[in-house]
$ cat protein_5.cif   # mmCIF, C-alpha atoms
data_run
#
loop_
_atom_site.label_atom_id
_atom_site.label_comp_id
_atom_site.auth_asym_id
_atom_site.auth_seq_id
_atom_site.Cartn_x
_atom_site.Cartn_y
_atom_site.Cartn_z
CA MET W 9 82.46 102.76 82.93
CA PHE W 10 85.04 101.78 85.51
CA ASP W 11 83.71 104.25 88.09
CA GLU W 12 80.18 102.88 87.71
CA ALA W 13 81.28 99.25 88.01
CA ASN W 14 83.66 99.99 90.88
CA SER W 15 81.03 101.82 92.96
CA TYR W 16 78.17 99.45 92.05
CA LYS W 17 78.11 97.55 95.34
CA LYS W 18 78.30 100.70 97.45
CA THR W 19 75.52 102.34 95.41
CA LYS W 20 73.26 99.29 95.64
CA PHE W 21 73.65 98.91 99.39
CA ALA W 22 72.78 102.58 99.81
CA GLU W 23 69.61 101.86 97.82
CA TYR W 24 68.84 98.82 99.98
CA GLN W 25 69.19 100.97 103.08
CA LEU W 26 66.75 103.55 101.72
CA LYS W 27 64.31 100.76 100.86
CA LYS W 28 64.88 99.23 104.33
CA LEU W 29 65.88 95.90 102.84
CA PRO W 30 67.55 93.76 105.56
CA TYR W 31 71.11 92.65 104.93
CA SER W 32 71.64 88.96 104.22
CA GLU W 33 74.40 86.80 102.84
CA LYS W 34 72.16 85.98 99.87
CA LEU W 35 71.70 89.69 99.09
CA ARG W 36 75.44 90.31 99.35
CA LEU W 37 76.26 87.47 96.96
CA GLN W 38 73.58 88.60 94.51
CA THR W 39 74.92 92.17 94.51
CA GLU W 40 78.49 91.01 94.00
CA ARG W 41 77.37 88.78 91.13
CA GLU W 42 75.61 91.74 89.48
CA GLN W 43 78.73 93.89 89.92
CA LYS W 44 80.90 91.25 88.23
CA GLN W 45 78.45 90.95 85.36
CA LEU W 46 78.40 94.72 84.85
CA ALA W 47 82.21 94.87 84.93
CA ALA W 48 82.48 92.02 82.40
CA LYS W 49 80.03 93.79 80.10
CA TYR W 50 81.99 97.06 80.25
CA ALA W 51 85.29 95.20 79.84
CA ALA W 52 84.00 93.65 76.60
CA ILE W 53 83.04 97.10 75.32
CA ALA W 54 86.42 98.57 76.29
CA ALA W 55 88.35 95.64 74.79
CA ALA W 56 86.63 96.21 71.43
CA ARG W 57 88.31 99.61 70.98
CA VAL W 58 90.62 99.48 67.97
CA THR W 59 93.21 101.97 69.19
CA PRO W 60 93.04 102.04 72.98
CA THR W 61 95.01 104.62 74.92
CA GLY W 62 97.24 103.73 77.83
CA ASP W 63 94.52 104.89 80.21
CA ASP W 64 92.03 102.64 78.40
CA LEU W 65 94.30 99.62 78.98
CA TYR W 66 94.77 100.48 82.64
CA HIS W 67 91.04 100.76 83.33
CA LEU W 68 90.35 97.68 81.21
CA GLY W 69 92.63 95.78 83.58
CA LEU W 70 90.68 97.08 86.56
CA LEU W 71 87.35 96.11 84.96
CA HIS W 72 88.64 92.59 84.30
CA TRP W 73 89.76 92.44 87.94
CA ILE W 74 86.28 93.33 89.23
CA ALA W 75 84.82 90.72 86.86
CA GLU W 76 87.32 88.18 88.27
CA ASN W 77 88.84 87.59 84.82
CA LEU W 78 92.41 87.02 85.98
CA ASP W 79 93.88 86.32 82.54
CA GLY W 80 92.24 89.43 81.12
CA THR W 81 93.50 91.51 84.04
CA ALA W 82 97.11 90.37 83.70
CA GLU W 83 97.11 90.75 79.90
CA SER W 84 95.75 94.29 80.08
CA PHE W 85 98.31 95.38 82.68
CA ARG W 86 101.17 93.80 80.73
CA LYS W 87 100.09 95.78 77.65
CA TYR W 88 99.80 98.90 79.77
CA LEU W 89 103.36 98.54 81.06
CA ALA W 90 104.60 98.12 77.48
CA PHE W 91 102.61 101.16 76.26
CA GLU W 92 104.91 104.18 76.01
CA THR W 93 105.97 105.35 79.51
CA PRO W 94 103.13 105.00 82.03
CA PRO W 95 102.94 107.18 85.17
CA ALA W 96 105.04 105.70 87.96
CA ASP W 97 102.18 105.10 90.41
CA LYS W 98 99.97 103.36 87.84
CA ALA W 99 102.92 101.31 86.60
CA GLN W 100 103.55 100.11 90.17
CA THR W 101 99.89 99.26 90.68
CA SER W 102 99.96 97.31 87.39
CA ARG W 103 103.02 95.37 88.56
CA SER W 104 101.37 94.61 91.88
CA MET W 105 98.26 93.25 90.14
CA ILE W 106 100.38 91.02 87.86
CA VAL W 107 102.21 89.63 90.93
CA ILE W 108 98.93 88.93 92.72
CA ILE W 109 97.50 87.10 89.71
CA ALA W 110 100.71 85.16 89.09
CA ALA W 111 100.66 84.05 92.75
CA LYS W 112 97.01 82.99 92.52
CA GLN W 113 97.83 80.98 89.38
CA LYS W 114 100.96 79.46 91.00
CA ASN W 115 103.18 81.11 88.37
CA PHE W 116 105.94 81.67 90.91
CA ASP W 117 108.70 82.60 88.44
CA GLU W 118 106.74 85.50 86.97
CA ALA W 119 105.59 86.57 90.44
CA ALA W 120 109.17 86.68 91.72
CA LYS W 121 110.40 88.58 88.64
CA ILE W 122 107.70 91.28 88.73
CA LEU W 123 107.90 91.60 92.53
CA ALA W 124 111.63 92.32 92.18
CA GLU W 125 110.82 94.98 89.56
CA TYR W 126 108.23 96.50 91.87
CA ILE W 127 110.71 96.73 94.77
CA LYS W 128 113.32 98.39 92.51
CA ASN W 129 110.91 101.10 91.38
CA GLU W 130 109.03 103.92 93.07
CA PRO W 131 106.65 104.52 94.71
CA VAL W 132 106.57 101.42 96.90
CA LYS W 133 103.16 101.46 98.58
CA MET W 134 103.00 99.35 101.71
CA SER W 135 99.39 98.42 100.92
CA GLU W 136 100.45 96.98 97.55
CA ARG W 137 103.55 95.33 99.03
CA ALA W 138 101.43 93.69 101.73
CA ARG W 139 98.87 92.35 99.24
CA MET W 140 101.56 90.89 96.95
CA GLU W 141 103.37 89.20 99.81
CA ILE W 142 100.10 87.91 101.28
CA GLU W 143 99.11 86.26 97.99
CA LEU W 144 102.56 84.68 97.59
CA ALA W 145 102.49 83.37 101.18
CA LYS W 146 99.01 81.90 100.60
CA ALA W 147 100.10 80.28 97.34
CA TYR W 148 103.20 78.69 98.84
CA LEU W 149 101.19 77.47 101.85
CA ALA W 150 98.67 75.88 99.48
CA GLU W 151 101.59 74.12 97.77
CA LYS W 152 102.91 73.05 101.19
CA ASN W 153 106.16 74.85 100.44
CA PHE W 154 106.46 76.22 103.95
CA ALA W 155 110.08 77.30 103.59
CA LYS W 156 109.08 79.70 100.79
CA ALA W 157 105.85 80.76 102.51
CA ALA W 158 107.43 82.01 105.74
CA PRO W 159 109.63 84.80 104.23
CA HIS W 160 106.70 86.19 102.25
CA ALA W 161 104.44 86.00 105.29
CA THR W 162 107.10 87.85 107.32
CA GLU W 163 107.34 90.64 104.70
CA ALA W 164 103.56 90.78 104.40
CA TYR W 165 103.18 91.21 108.17
CA ARG W 166 105.92 93.87 108.29
CA ALA W 167 104.29 95.85 105.48
CA ALA W 168 100.76 95.46 106.84
CA LYS W 169 101.75 96.70 110.31
CA THR W 170 102.85 100.02 108.78
CA LEU W 171 99.24 100.49 107.60
CA LEU W 172 97.73 99.97 111.05
CA ASN W 173 98.05 103.55 112.20
CA LYS W 174 98.53 105.49 108.98
CA ASP W 175 98.36 109.26 109.47
CA ASN W 176 97.29 108.63 113.10
CA THR W 177 94.16 106.90 111.82
CA VAL W 178 93.47 103.21 112.33
CA THR W 179 92.08 101.89 109.04
CA VAL W 180 89.85 98.86 108.55
CA ARG W 181 92.05 97.77 105.66
CA GLY W 182 95.11 98.08 107.86
CA LEU W 183 93.50 95.90 110.53
CA ASP W 184 92.33 93.30 108.03
CA GLU W 185 95.65 93.03 106.22
CA THR W 186 97.67 92.90 109.44
CA LEU W 187 95.42 90.13 110.75
CA ASP W 188 95.59 88.26 107.43
CA ALA W 189 99.37 88.56 107.22
CA GLY W 190 99.89 87.72 110.88
CA MET W 191 97.78 84.59 110.57
CA LEU W 192 99.72 83.53 107.47
CA LEU W 193 102.94 83.91 109.45
CA PHE W 194 101.40 81.83 112.24
CA GLU W 195 100.20 79.16 109.79
CA SER W 196 103.67 78.99 108.18
CA HIS W 197 105.28 78.23 111.54
CA LYS W 198 102.44 75.95 112.65
CA ALA W 199 102.76 73.83 109.50
CA THR W 200 106.43 73.12 110.22
CA GLY W 201 105.79 72.34 113.89
CA ASN W 202 107.65 75.46 115.01
CA ILE W 203 105.56 75.98 118.15
CA LYS W 204 107.73 78.72 119.62
CA ASP W 205 107.58 80.98 116.54
CA ALA W 206 103.90 80.18 116.00
CA ASP W 207 103.16 81.32 119.58
CA SER W 208 105.28 84.44 119.03
CA ALA W 209 103.41 85.37 115.84
CA LEU W 210 100.07 85.28 117.66
CA ASP W 211 101.45 87.12 120.68
CA ASP W 212 102.78 89.88 118.42
CA LEU W 213 99.36 90.10 116.76
CA ARG W 214 97.81 90.62 120.19
CA LYS W 215 100.31 93.38 120.97
CA SER W 216 99.62 95.04 117.61
CA ALA W 217 95.92 94.99 118.42
CA ALA W 218 96.57 96.59 121.80
CA ALA W 219 98.72 99.29 120.18
CA VAL W 220 95.83 100.43 117.98
CA GLY W 221 93.16 99.89 120.63
CA SER W 222 91.12 97.24 118.82
CA PRO W 223 89.35 94.91 121.30
CA SER W 224 88.00 92.58 118.59
CA PHE W 225 91.44 92.22 117.02
CA TYR W 226 92.95 91.73 120.50
CA TYR W 227 90.43 89.03 121.34
CA TYR W 228 90.93 87.24 118.02
CA ALA W 229 94.71 86.99 118.48
CA ALA W 230 94.45 85.92 122.13
CA ASP W 231 91.75 83.36 121.31
CA LYS W 232 93.82 81.84 118.51
CA LEU W 233 96.82 81.54 120.81
CA ILE W 234 94.78 79.88 123.57
CA THR W 235 93.11 77.37 121.23
CA TYR W 236 96.44 76.61 119.49
CA GLN W 237 98.10 75.89 122.80
CA ILE W 238 95.26 73.55 123.77
CA GLU W 239 95.34 71.91 120.33
CA THR W 240 99.07 71.20 120.67
CA GLY W 241 98.69 69.39 123.99
CA ARG W 242 99.46 72.39 126.21
CA LYS W 243 96.06 72.88 127.81
CA ASN W 244 97.40 74.10 131.16
CA ILE W 245 99.47 76.75 129.35
CA GLY W 246 96.43 77.64 127.24
CA LEU W 247 94.27 78.20 130.31
CA GLU W 248 97.05 80.28 131.86
CA THR W 249 97.18 82.35 128.66
CA TYR W 250 93.42 82.86 128.98
CA LEU W 251 93.84 84.35 132.46
CA THR W 252 96.89 86.47 131.58
CA SER W 253 95.19 87.74 128.40
CA MET W 254 92.36 89.18 130.49
CA ILE W 255 94.86 90.81 132.85
CA GLN W 256 96.88 92.18 129.93
CA ALA W 257 93.73 93.51 128.27
CA GLY W 258 93.13 95.61 131.36
CA LYS W 259 96.65 97.03 131.09
CA GLU W 260 97.40 97.23 127.37
CA LEU W 261 94.18 98.44 125.74
CA PRO W 262 93.86 102.22 125.93
CA SER W 263 90.41 102.78 127.45
CA LYS W 264 88.02 101.16 129.89
CA PRO W 265 85.40 100.36 127.21
CA THR W 266 87.96 98.63 124.95
CA GLN W 267 89.39 96.75 127.93
CA MET W 268 85.96 95.50 129.04
CA ASP W 269 85.02 94.59 125.46
CA ALA W 270 88.03 92.29 125.07
CA ILE W 271 87.64 90.85 128.57
CA GLU W 272 83.94 90.06 128.05
CA ARG W 273 84.67 88.35 124.72
CA LEU W 274 87.27 86.16 126.40
CA LYS W 275 85.00 85.37 129.37
CA LYS W 276 82.32 84.09 126.98
CA ARG W 277 84.85 81.55 125.69
CA GLU W 278 85.92 80.21 129.09
CA LYS W 279 83.55 77.25 128.95
CA HIS W 280 84.76 76.39 125.45
CA TYR W 281 88.43 76.48 126.47
CA LYS W 282 87.73 74.12 129.35
CA LEU W 283 85.84 71.70 127.08
CA LEU W 284 88.45 71.56 124.31
CA GLY W 285 90.49 68.39 124.51
CA GLU W 286 87.96 66.73 126.85
CA THR W 287 85.55 63.84 126.24
CA ALA W 288 82.24 65.14 124.89
CA PRO W 289 79.56 65.21 127.63
CA GLU W 290 76.43 63.20 126.94
CA PHE W 291 73.17 65.05 126.30
CA SER W 292 70.51 64.94 128.97
CA GLY W 293 66.83 65.58 128.45
CA ILE W 294 66.60 64.38 124.81
CA ASP W 295 62.92 64.30 123.85
CA GLN W 296 63.06 63.66 120.10
CA TRP W 297 65.77 62.46 117.68
CA PHE W 298 64.58 62.17 114.11
CA PRO W 299 64.57 60.58 111.64
CA GLY W 300 67.27 58.43 113.28
CA GLU W 301 67.31 56.90 116.74
CA SER W 302 68.79 58.40 119.90
CA ARG W 303 72.36 57.27 120.56
CA PRO W 304 74.92 58.17 123.22
CA PHE W 305 78.14 59.79 122.03
CA SER W 306 79.98 56.73 123.31
CA GLY W 307 78.05 54.80 120.63
CA LEU W 308 79.35 57.18 117.94
CA ARG W 309 83.04 56.47 118.60
CA GLY W 310 84.83 56.01 115.30
CA LYS W 311 82.70 58.79 113.76
CA VAL W 312 83.39 62.50 113.49
CA VAL W 313 80.39 64.26 115.04
CA LEU W 314 79.37 67.82 114.19
CA LEU W 315 76.87 69.37 116.60
CA ASP W 316 75.01 72.39 115.23
CA PHE W 317 73.19 74.19 118.07
CA TRP W 318 70.50 76.26 116.38
CA ALA W 319 66.92 77.59 116.54
CA THR W 320 64.23 78.33 113.97
CA TRP W 321 64.21 82.01 114.99
CA CYS W 322 67.99 82.38 114.56
CA GLY W 323 68.72 84.16 111.25
CA PRO W 324 72.50 83.43 111.18
CA CYS W 325 71.73 79.74 111.75
CA PHE W 326 70.10 79.62 108.31
CA ASP W 327 73.32 80.78 106.63
CA ALA W 328 75.05 77.55 107.66
CA PHE W 329 72.34 75.19 106.37
CA PRO W 330 73.58 74.88 102.75
CA SER W 331 77.11 74.00 103.90
CA LEU W 332 75.89 71.57 106.56
CA GLU W 333 73.69 69.73 104.07
CA GLU W 334 76.48 69.64 101.48
CA TRP W 335 78.92 68.20 104.04
CA HIS W 336 76.35 65.63 105.14
CA GLN W 337 75.89 64.45 101.56
CA ASP W 338 79.61 64.45 100.72
CA TYR W 339 81.15 62.99 103.88
CA VAL W 340 78.62 60.74 105.59
CA ALA W 341 80.30 57.76 103.92
CA ASP W 342 83.63 58.88 105.44
CA GLY W 343 82.19 58.76 108.94
CA LEU W 344 80.70 62.24 109.41
CA VAL W 345 77.59 62.53 111.59
CA ILE W 346 75.83 65.91 111.70
CA LEU W 347 73.25 66.56 114.41
CA GLY W 348 71.10 69.70 114.39
CA VAL W 349 70.52 70.35 118.10
CA THR W 350 67.66 72.57 119.22
CA ARG W 351 65.19 72.78 122.11
CA TYR W 352 61.58 73.68 122.75
CA TYR W 353 60.98 77.42 122.58
CA GLY W 354 57.18 77.31 122.88
CA ASN W 355 56.48 78.66 119.42
CA ALA W 356 56.14 77.51 115.83
CA ASP W 357 56.56 79.95 112.96
CA GLY W 358 56.01 82.88 115.32
CA PHE W 359 52.91 81.49 117.04
CA PRO W 360 52.63 79.90 120.51
CA ALA W 361 52.82 76.10 120.33
CA ASP W 362 52.93 73.16 122.70
CA ASN W 363 55.65 70.51 122.35
CA PRO W 364 53.82 68.15 119.93
CA ASN W 365 52.95 71.04 117.58
CA GLU W 366 56.46 72.41 117.78
CA ILE W 367 57.80 68.98 116.78
CA GLU W 368 55.46 68.86 113.81
CA PHE W 369 56.65 72.33 112.81
CA LEU W 370 60.30 71.22 113.06
CA LYS W 371 59.58 68.23 110.83
CA ARG W 372 57.98 70.50 108.22
CA PHE W 373 60.88 72.93 108.59
CA LYS W 374 63.33 70.10 107.95
CA ILE W 375 61.57 69.13 104.73
CA LYS W 376 61.15 72.73 103.56
CA HIS W 377 64.87 73.48 103.94
CA ARG W 378 65.90 70.07 102.56
CA LEU W 379 68.01 69.14 105.56
CA SER W 380 68.57 65.39 105.58
CA TYR W 381 70.75 65.08 108.68
CA ASP W 382 69.20 64.21 112.05
CA PHE W 383 67.58 66.74 114.39
CA VAL W 384 67.92 66.37 118.14
CA VAL W 385 65.32 68.16 120.29
CA VAL W 386 66.01 68.54 124.01
CA LYS W 387 63.56 69.59 126.71
CA GLU W 388 65.60 72.24 128.48
CA GLN W 389 68.79 74.30 128.20
CA THR W 390 71.01 71.67 129.83
CA ALA W 391 72.61 70.54 126.56
CA GLN W 392 73.34 74.14 125.52
CA GLN W 393 74.79 74.90 128.95
CA ALA W 394 76.94 71.77 128.94
CA TYR W 395 78.58 72.91 125.69
CA GLY W 396 78.60 76.65 126.35
CA ALA W 397 76.23 77.08 123.41
CA THR W 398 74.48 80.14 124.81
CA GLY W 399 75.04 82.03 121.55
CA LEU W 400 73.49 80.60 118.38
CA PRO W 401 74.58 79.07 116.17
CA THR W 402 77.34 77.19 118.00
CA THR W 403 79.28 74.43 116.26
CA VAL W 404 81.08 71.62 118.07
CA LEU W 405 83.33 69.06 116.36
CA ILE W 406 84.03 65.78 118.15
CA ASP W 407 86.76 63.46 116.87
CA ARG W 408 86.61 59.70 116.36
CA LYS W 409 87.79 59.14 119.94
CA GLY W 410 84.91 61.20 121.35
CA VAL W 411 87.11 64.22 122.18
CA ILE W 412 85.97 67.81 121.58
CA ARG W 413 88.37 69.45 119.14
CA TYR W 414 86.52 72.57 118.02
CA ILE W 415 83.86 74.92 119.44
CA GLU W 416 82.85 78.24 117.91
CA SER W 417 79.76 80.44 117.98
CA GLY W 418 78.44 82.48 115.06
CA THR W 419 78.63 81.94 111.32
CA ASN W 420 80.14 83.78 108.36
CA PRO W 421 81.99 82.69 105.19
CA THR W 422 85.37 82.63 106.98
CA ARG W 423 83.97 80.62 109.89
CA LEU W 424 82.43 78.08 107.49
CA ILE W 425 85.80 77.63 105.76
CA GLU W 426 87.45 77.16 109.17
CA MET W 427 84.82 74.60 110.20
CA ARG W 428 85.25 72.65 106.99
CA GLU W 429 89.03 72.57 107.33
CA MET W 430 88.82 71.23 110.87
CA MET W 431 86.13 68.73 109.88
CA LEU W 432 88.31 67.38 107.03
CA LYS W 433 91.31 67.21 109.37
CA LEU W 434 89.34 65.10 111.85
CA LEU W 435 87.96 62.86 109.10
CA ALA W 436 91.53 62.23 107.93
CA GLU W 437 92.49 61.03 111.41
CA LYS W 438 91.94 57.29 111.56
#
$ encode --input "protein_5.cif" --output "structure tokens"
Amino acid sequence: MFDEANSYKKTKFAEYQLKKLPYSEKLRLQTEREQKQLAAKYAAIAAARVTPTGDDLYHLGLLHWIAENLDGTAESFRKYLAFETPPADKAQTSRSMIVIIAAKQKNFDEAAKILAEYIKNEPVKMSERARMEIELAKAYLAEKNFAKAAPHATEAYRAAKTLLNKDNTVTVRGLDETLDAGMLLFESHKATGNIKDADSALDDLRKSAAAVGSPSFYYYAADKLITYQIETGRKNIGLETYLTSMIQAGKELPSKPTQMDAIERLKKREKHYKLLGETAPEFSGIDQWFPGESRPFSGLRGKVVLLDFWATWCGPCFDAFPSLEEWHQDYVADGLVILGVTRYYGNADGFPADNPNEIEFLKRFKIKHRLSYDFVVVKEQTAQQAYGATGLPTTVLIDRKGVIRYIESGTNPTRLIEMREMMLKLLAEK
């Protein structure tokens, strides 16, 4: 039962590929929901066994974990550890799962106790150590206990870095966990205003990326350092870091293709770096603003403005719509203004259209997708060019003083969380 539930997502996506079903966020969420339901069903069957074996308890814990039943997971692994003498590796995995759950539930005493037991026993797997420390760092950060978060973030980063080049093979998990742990270390220092150590954490992430030859990882770390420096009032240093990062990419990454990949990613952000911390430029060439009335950004001072550059043909743009509408409904009273910014593309629903027909299509589109915030339609690409919004979607956040504080292109669950956090931060600034 466990094997079937565990491989469910992989099996289903293989089926989707054979059926040529296009990937979408909706399809991913649906498949994950089905996997959880299957795991919960099998967990109920397994839990009904009158005399379960140790192996039954272990796999019951794993089924509960897939089903996101944290209490069931922890209870099953506690019973497993108390059941005779379990194999050392499974006992350690059970301890690691209990620590992770205790951290998620803010049960810090149990987490500390079981983590200490894990460290005393063998085998100590760096992947498990990294995940435990990551969860504890996240939990302490959420509690704003930065003094406790930093040591766990440090241990998480140390453990994760050992996974980067395991057996001379760079693993996706190793990259993800190193990035996650490194960012937690950065956030721990950032939260306490420790600029020097925060900078160092990001710089070390960049060097780690170079060591394993990952241009996307390299770009991410360099980009975070540049934007952090600008955010903390060090724009000149940030722009210097931008230039030196491109030079370093040409020296530190192992091959010409990886070097050019990182350099091109950084070059695409140059316009954004220059705009951050500056007064938002006014739009030119506005043709339609509906259902509201056209206003200059100077007239929106005192509001937090979110610009969503999008197009009807842009698939990823659709993924942001539910969040944008939710934020509009929840925070408009707090001073949030969302503007969906698009331009004329000469088509409507895949057919050629003149401007009046394209406007009518956009109005129908707005109703169909239940988007109640204003749309702004410009005649040419000048607005996109002014904001470096050549890739869609691009999101810009402007603070109450009319200053650009955030610009990013693309959308995914992590990006939406990041956007929301910055939006709430700006709304809290009075």
$ residues_near_point --input "protein_5.cif" --point "(69.1, 67.4, 113.5)" --cutoff "12 Å" --atoms "all atoms listed in the file" --output "PyMOL selection string"
chain W and resi 294+296-302+313-320+329+332-333+336+345-351+367+370-371+373-375+378-386
$ resolve_selection --input "protein_5.cif" --expression "the PyMOL selection byres ((chain W and resi 194) around 10)" --output "list in words"
Ala158, Ala161, Thr162, Asp188, Ala189, Gly190, Met191, Leu192, Leu193, Glu195, Ser196, His197, Lys198, Ala199, Asn202, Ile203, Asp205, Ala206, Asp207, Ser208, Ala209, Leu210, Asp211, Leu213, Lys232 and Leu233 of chain W
$ closest_residue --input "protein_5.cif" --among "W:Ala157, W:Cys325, W:Ala270, W:Met431" --to "Lys311 (chain W)" --atoms "only C-alpha atoms"
W:Met431
$ closest_residue --input "protein_5.cif" --among "W:Ala361, W:Ala150, W:Ile415, W:Ala47" --to "Glu239 (chain W)" --atoms "all atoms listed in the file"
W:Ile415
$ atom_distance --input "protein_5.cif" --atom1 "CA of Ile109 (chain W)" --atom2 "CA of Thr93 (chain W)"
22.6 Å
$ atom_distance --input "protein_5.cif" --atom1 "CA of His67 (chain W)" --atom2 "CA of Tyr24 (chain W)"
27.8 Å
$ residues_near_point --input "protein_5.cif" --point "(82.0, 97.2, 82.6)" --cutoff "6 Å" --atoms "all atoms listed in the file" --output "PyMOL selection string"
chain W and resi 9+13+46-51+71
$ residues_around --input "protein_5.cif" --residues "Thr186 (chain W)" --least-positions-apart "3" --cutoff "10 Å" --atoms "only C-alpha atoms" --output "ChimeraX atom specification"
/W:138,142,164-172,180-183,189-192,213,216-217,225
$ closest_residue --input "protein_5.cif" --among "W:Gly246, W:Gly285, W:Lys87, W:Leu400" --to "Pro60 (chain W)" --atoms "all atoms listed in the file"
W:Lys87
$ residues_around --input "protein_5.cif" --residues "Ile106 (chain W)" --least-positions-apart "5" --cutoff "10 Å" --atoms "all atoms listed in the file" --output "list in words"
Leu78, Asp79, Thr81, Ala82, Glu83, Ser84, Phe85, Arg86, Gln100, Thr101, Ala111, Lys112, Glu118, Ala119, Ile122, Leu123 and Met140 of chain W
$ decode --input "protein_5.cif" --residues "region 256-318 of chain W" --atoms "C-alpha atoms" --output "PDB file, in the first residue's frame"
ATOM      1  CA  GLN W 256      32.859  36.406 -11.169  1.00  0.00           C
ATOM      2  CA  ALA W 257      30.405  34.238 -13.104  1.00  0.00           C
ATOM      3  CA  GLY W 258      32.840  34.293 -16.006  1.00  0.00           C
ATOM      4  CA  LYS W 259      35.631  33.121 -13.703  1.00  0.00           C
ATOM      5  CA  GLU W 260      33.969  30.830 -11.159  1.00  0.00           C
ATOM      6  CA  LEU W 261      31.447  28.779 -13.133  1.00  0.00           C
ATOM      7  CA  PRO W 262      33.090  25.795 -14.824  1.00  0.00           C
ATOM      8  CA  SER W 263      32.003  26.088 -18.462  1.00  0.00           C
ATOM      9  CA  LYS W 264      31.165  28.723 -21.037  1.00  0.00           C
ATOM     10  CA  PRO W 265      27.475  27.721 -21.263  1.00  0.00           C
ATOM     11  CA  THR W 266      26.991  27.925 -17.475  1.00  0.00           C
ATOM     12  CA  GLN W 267      28.852  31.232 -17.356  1.00  0.00           C
ATOM     13  CA  MET W 268      26.710  32.759 -20.113  1.00  0.00           C
ATOM     14  CA  ASP W 269      23.518  31.395 -18.540  1.00  0.00           C
ATOM     15  CA  ALA W 270      24.203  33.157 -15.230  1.00  0.00           C
ATOM     16  CA  ILE W 271      25.390  36.347 -16.934  1.00  0.00           C
ATOM     17  CA  GLU W 272      22.295  36.545 -19.166  1.00  0.00           C
ATOM     18  CA  ARG W 273      19.982  36.031 -16.175  1.00  0.00           C
ATOM     19  CA  LEU W 274      21.689  38.887 -14.358  1.00  0.00           C
ATOM     20  CA  LYS W 275      21.628  41.160 -17.423  1.00  0.00           C
ATOM     21  CA  LYS W 276      17.849  40.718 -17.681  1.00  0.00           C
ATOM     22  CA  ARG W 277      17.559  42.133 -14.160  1.00  0.00           C
ATOM     23  CA  GLU W 278      19.695  45.237 -14.744  1.00  0.00           C
ATOM     24  CA  LYS W 279      16.695  47.479 -15.406  1.00  0.00           C
ATOM     25  CA  HIS W 280      14.989  46.202 -12.259  1.00  0.00           C
ATOM     26  CA  TYR W 281      18.046  46.855 -10.081  1.00  0.00           C
ATOM     27  CA  LYS W 282      18.232  50.420 -11.356  1.00  0.00           C
ATOM     28  CA  LEU W 283      14.519  50.999 -10.677  1.00  0.00           C
ATOM     29  CA  LEU W 284      14.495  49.610  -7.136  1.00  0.00           C
ATOM     30  CA  GLY W 285      14.486  52.387  -4.567  1.00  0.00           C
ATOM     31  CA  GLU W 286      13.478  54.995  -7.177  1.00  0.00           C
ATOM     32  CA  THR W 287      10.212  56.899  -7.642  1.00  0.00           C
ATOM     33  CA  ALA W 288       7.837  54.936  -9.866  1.00  0.00           C
ATOM     34  CA  PRO W 289       7.769  56.357 -13.416  1.00  0.00           C
ATOM     35  CA  GLU W 290       4.382  57.479 -14.697  1.00  0.00           C
ATOM     36  CA  PHE W 291       2.714  55.474 -17.460  1.00  0.00           C
ATOM     37  CA  SER W 292       2.532  57.009 -20.902  1.00  0.00           C
ATOM     38  CA  GLY W 293       0.107  56.044 -23.625  1.00  0.00           C
ATOM     39  CA  ILE W 294      -2.779  54.901 -21.374  1.00  0.00           C
ATOM     40  CA  ASP W 295      -5.793  54.273 -23.600  1.00  0.00           C
ATOM     41  CA  GLN W 296      -8.253  52.619 -21.207  1.00  0.00           C
ATOM     42  CA  TRP W 297      -8.493  52.308 -17.399  1.00  0.00           C
ATOM     43  CA  PHE W 298     -11.556  50.426 -16.235  1.00  0.00           C
ATOM     44  CA  PRO W 299     -13.776  50.284 -14.319  1.00  0.00           C
ATOM     45  CA  GLY W 300     -12.017  53.090 -12.420  1.00  0.00           C
ATOM     46  CA  GLU W 301     -10.605  56.340 -13.744  1.00  0.00           C
ATOM     47  CA  SER W 302      -7.049  57.010 -14.901  1.00  0.00           C
ATOM     48  CA  ARG W 303      -4.842  58.451 -12.157  1.00  0.00           C
ATOM     49  CA  PRO W 304      -1.153  59.355 -12.007  1.00  0.00           C
ATOM     50  CA  PHE W 305       0.980  57.476  -9.488  1.00  0.00           C
ATOM     51  CA  SER W 306       1.543  60.777  -7.715  1.00  0.00           C
ATOM     52  CA  GLY W 307      -2.214  60.723  -7.015  1.00  0.00           C
ATOM     53  CA  LEU W 308      -1.890  57.281  -5.399  1.00  0.00           C
ATOM     54  CA  ARG W 309       0.589  58.377  -2.718  1.00  0.00           C
ATOM     55  CA  GLY W 310      -0.439  56.913   0.606  1.00  0.00           C
ATOM     56  CA  LYS W 311      -1.476  53.676  -1.139  1.00  0.00           C
ATOM     57  CA  VAL W 312       0.513  50.515  -1.789  1.00  0.00           C
ATOM     58  CA  VAL W 313       0.297  49.867  -5.536  1.00  0.00           C
ATOM     59  CA  LEU W 314       0.752  46.441  -7.100  1.00  0.00           C
ATOM     60  CA  LEU W 315       1.281  46.483 -10.870  1.00  0.00           C
ATOM     61  CA  ASP W 316       0.630  43.161 -12.599  1.00  0.00           C
ATOM     62  CA  PHE W 317       1.976  43.268 -16.176  1.00  0.00           C
ATOM     63  CA  TRP W 318       0.150  40.497 -18.010  1.00  0.00           C
TER      64      TRP W 318
END
